[in-house]
Every structure is written in structure tokens, then in C-alpha cells.
Amino acid sequence: MPPPPPRFAVTPEEIDRVVADFYAAIRVHPGLGPVFAAHVTDWPAHEAKIAGFWRNAILFERSYDGNPLQVHRDAGNVRPGMFDVWLGLFDSVLRRDLPPETAGAWSALAHRIGRSLRYGVVEQAVSPGGVPKLG
């Protein structure tokens, strides 16, 4: 049986470029840069892994093996409020690097995934009495 068609028109090379440009922006971001720097010691390997994640999510390749929710939970310094900043930065890279229709489709997928990750982190990040830590 052939693989399903891509979710939207994007090439593996475009995915690689978006991921590389996004992480270049992350490394200099005053809020997110230190969070990533605390965990990423090999940027090319990290970017390749994340590009594999997106190729799997968009192109249905089997190029990613991981658990993003568990990674974000285990990091210890990822806060739910960071996801809006992450998505805003990601959206700016998408708009800069891709045609509007492709950028919009990828953004919608990223926001769905981001909501799921944020929810998973919020569920784990609670204060005494069960109040979510949103910051």
C-alpha cells in the first residue's frame, strides 16, 4: 500500500530550511534560547531529529522516533506560557520561508500540536491544590 499523500505541499528540503532557520532564531531569543541551550548540546543532531518529526507529521515518513510530550515534561524548565512565544516565532519563520498557503497549513498543524503539548505540560505543572502553573 502506498504512503498517504502529504498533509500539504512542502518538500523535505523546505522542512529542513524552516527547522534550521527556526533554531537559528531560537538560539538568539532572550527567553527561549536559554531553555533550549540547557538541553541541546548538538544543534545539528537536534535539528535533524526535529526535521524528522515534521517530515513524519507532514509527509508521513517514518523518520522520527521519540516522545515530544515526555521530553517537554522531563526538561524541568519548560513552562506552559512558553508555547505561545515558541509558536509566534515559528509562525514568523514559516511566513518568511514559505508561500502563504503552505505557511498557513503548517502553522495550523503546529498550533494543534502546540496545544496538545501545552496541555500535557499544564497537567504535569500544578501547584498544591491542583492549580495549573501557567507561567
# chains A, B, ... in the order shown; residues from 1 in each chain; ligands from 1
$ residues_around --residues "Arg96 (chain A)" --least-positions-apart "4" --cutoff "12 Å" --atoms "only C-alpha atoms" --output "list in words"
Glu14, Arg17, Val18, Asp21, Phe22, Leu89, Phe90, Asp91, Ser92, Pro100, Thr102, Ala103 and Gly104 of chain A
$ write_last_selection --atoms "C-alpha atoms" --output "PDB file, in the first residue's frame"
ATOM      1  CA  GLU A  14      11.800  23.151   2.814  1.00  0.00           C
ATOM      2  CA  ARG A  17      15.280  25.003   5.920  1.00  0.00           C
ATOM      3  CA  VAL A  18      12.394  26.003   8.200  1.00  0.00           C
ATOM      4  CA  ASP A  21      16.007  28.956  10.418  1.00  0.00           C
ATOM      5  CA  PHE A  22      13.747  28.428  13.421  1.00  0.00           C
ATOM      6  CA  LEU A  89       8.483  32.632  16.472  1.00  0.00           C
ATOM      7  CA  PHE A  90       7.748  29.511  14.436  1.00  0.00           C
ATOM      8  CA  ASP A  91       4.954  31.321  12.573  1.00  0.00           C
ATOM      9  CA  SER A  92       7.297  34.193  11.695  1.00  0.00           C
ATOM     10  CA  PRO A 100       1.383  31.786   2.267  1.00  0.00           C
ATOM     11  CA  THR A 102       1.963  26.307   2.862  1.00  0.00           C
ATOM     12  CA  ALA A 103       2.892  28.524   5.804  1.00  0.00           C
ATOM     13  CA  GLY A 104      -0.744  28.686   6.904  1.00  0.00           C
TER      14      GLY A 104
END
$ select_by_dssp --residues "region 51-81 of chain A" --states "alpha helix (DSSP H)" --output "tab-separated table (two decimals) with C-alpha atoms, in the first residue's frame"
chain	number	residue	atom	x	y	z
A	51	ALA	CA	13.10	17.84	10.86
A	52	GLY	CA	12.36	14.11	11.04
A	53	PHE	CA	9.45	14.86	13.37
A	54	TRP	CA	7.98	17.32	10.86
A	68	PRO	CA	7.79	15.06	22.41
A	69	LEU	CA	5.39	15.27	25.34
A	70	GLN	CA	7.67	13.29	27.63
A	71	VAL	CA	10.71	15.33	26.55
A	72	HIS	CA	8.94	18.59	27.39
A	73	ARG	CA	7.71	17.23	30.72
A	74	ASP	CA	11.12	15.88	31.66
A	75	ALA	CA	13.00	19.05	30.72
$ closest_residue --among "A:Arg118, A:His29, A:Arg62, A:Arg55" --to "Asp84 (chain A)" --atoms "only C-alpha atoms"
A:Arg118
$ closest_residue --among "A:Ala57, A:Ile113, A:Met82, A:Ala108" --to "Leu94 (chain A)" --atoms "only C-alpha atoms"
A:Ala108
$ closest_residue --among "A:Trp43, A:Leu98, A:Asp65, A:Phe83" --to "Ser116 (chain A)" --atoms "only C-alpha atoms"
A:Phe83
$ closest_residue --among "A:Leu109, A:Leu87, A:Val78, A:Ala48" --to "Asp16 (chain A)" --atoms "only C-alpha atoms"
A:Ala48
$ decode --residues "region 88-104 of chain A" --atoms "N, CA, C and O atoms" --output "short mmCIF file (atom, residue, chain, number, x, y, z; two decimals), in the first residue's frame"
data_model
loop_
_atom_site.label_atom_id
_atom_site.label_comp_id
_atom_site.auth_asym_id
_atom_site.auth_seq_id
_atom_site.Cartn_x
_atom_site.Cartn_y
_atom_site.Cartn_z
N GLY A 88 4.69 31.73 18.05
CA GLY A 88 4.82 33.02 17.36
C GLY A 88 6.12 33.10 16.57
O GLY A 88 6.13 33.57 15.43
N LEU A 89 7.20 32.64 17.16
CA LEU A 89 8.48 32.63 16.47
C LEU A 89 8.45 31.66 15.30
O LEU A 89 8.93 31.97 14.20
N PHE A 90 7.86 30.50 15.51
CA PHE A 90 7.75 29.51 14.44
C PHE A 90 6.92 30.07 13.28
O PHE A 90 7.28 29.95 12.11
N ASP A 91 5.80 30.72 13.61
CA ASP A 91 4.95 31.32 12.57
C ASP A 91 5.72 32.36 11.77
O ASP A 91 5.56 32.45 10.55
N SER A 92 6.55 33.16 12.43
CA SER A 92 7.30 34.19 11.69
C SER A 92 8.28 33.55 10.72
O SER A 92 8.46 34.06 9.60
N VAL A 93 8.89 32.43 11.10
CA VAL A 93 9.80 31.72 10.19
C VAL A 93 9.01 31.12 9.03
O VAL A 93 9.43 31.21 7.87
N LEU A 94 7.87 30.51 9.33
CA LEU A 94 7.05 29.94 8.26
C LEU A 94 6.65 31.00 7.25
O LEU A 94 6.76 30.79 6.04
N ARG A 95 6.20 32.15 7.73
CA ARG A 95 5.76 33.23 6.82
C ARG A 95 6.92 33.75 5.98
O ARG A 95 6.74 34.13 4.82
N ARG A 96 8.10 33.77 6.56
CA ARG A 96 9.27 34.27 5.84
C ARG A 96 9.79 33.27 4.81
O ARG A 96 10.23 33.64 3.73
N ASP A 97 9.72 31.99 5.13
CA ASP A 97 10.37 30.96 4.32
C ASP A 97 9.48 30.27 3.29
O ASP A 97 9.99 29.66 2.36
N LEU A 98 8.16 30.35 3.46
CA LEU A 98 7.28 29.54 2.63
C LEU A 98 6.18 30.37 1.97
O LEU A 98 5.83 31.45 2.47
N PRO A 99 5.59 29.85 0.89
CA PRO A 99 4.42 30.51 0.32
C PRO A 99 3.29 30.58 1.34
O PRO A 99 3.19 29.72 2.23
N PRO A 100 2.43 31.59 1.25
CA PRO A 100 1.38 31.79 2.27
C PRO A 100 0.51 30.56 2.54
O PRO A 100 0.22 30.25 3.70
N GLU A 101 0.09 29.85 1.51
CA GLU A 101 -0.78 28.69 1.72
C GLU A 101 -0.07 27.59 2.50
O GLU A 101 -0.63 27.00 3.43
N THR A 102 1.18 27.33 2.16
CA THR A 102 1.96 26.31 2.86
C THR A 102 2.24 26.74 4.29
O THR A 102 2.10 25.95 5.24
N ALA A 103 2.62 28.00 4.46
CA ALA A 103 2.89 28.52 5.80
C ALA A 103 1.65 28.42 6.68
O ALA A 103 1.73 28.02 7.85
N GLY A 104 0.50 28.76 6.14
CA GLY A 104 -0.74 28.69 6.90
C GLY A 104 -1.11 27.27 7.30
O GLY A 104 -1.52 27.02 8.44
#
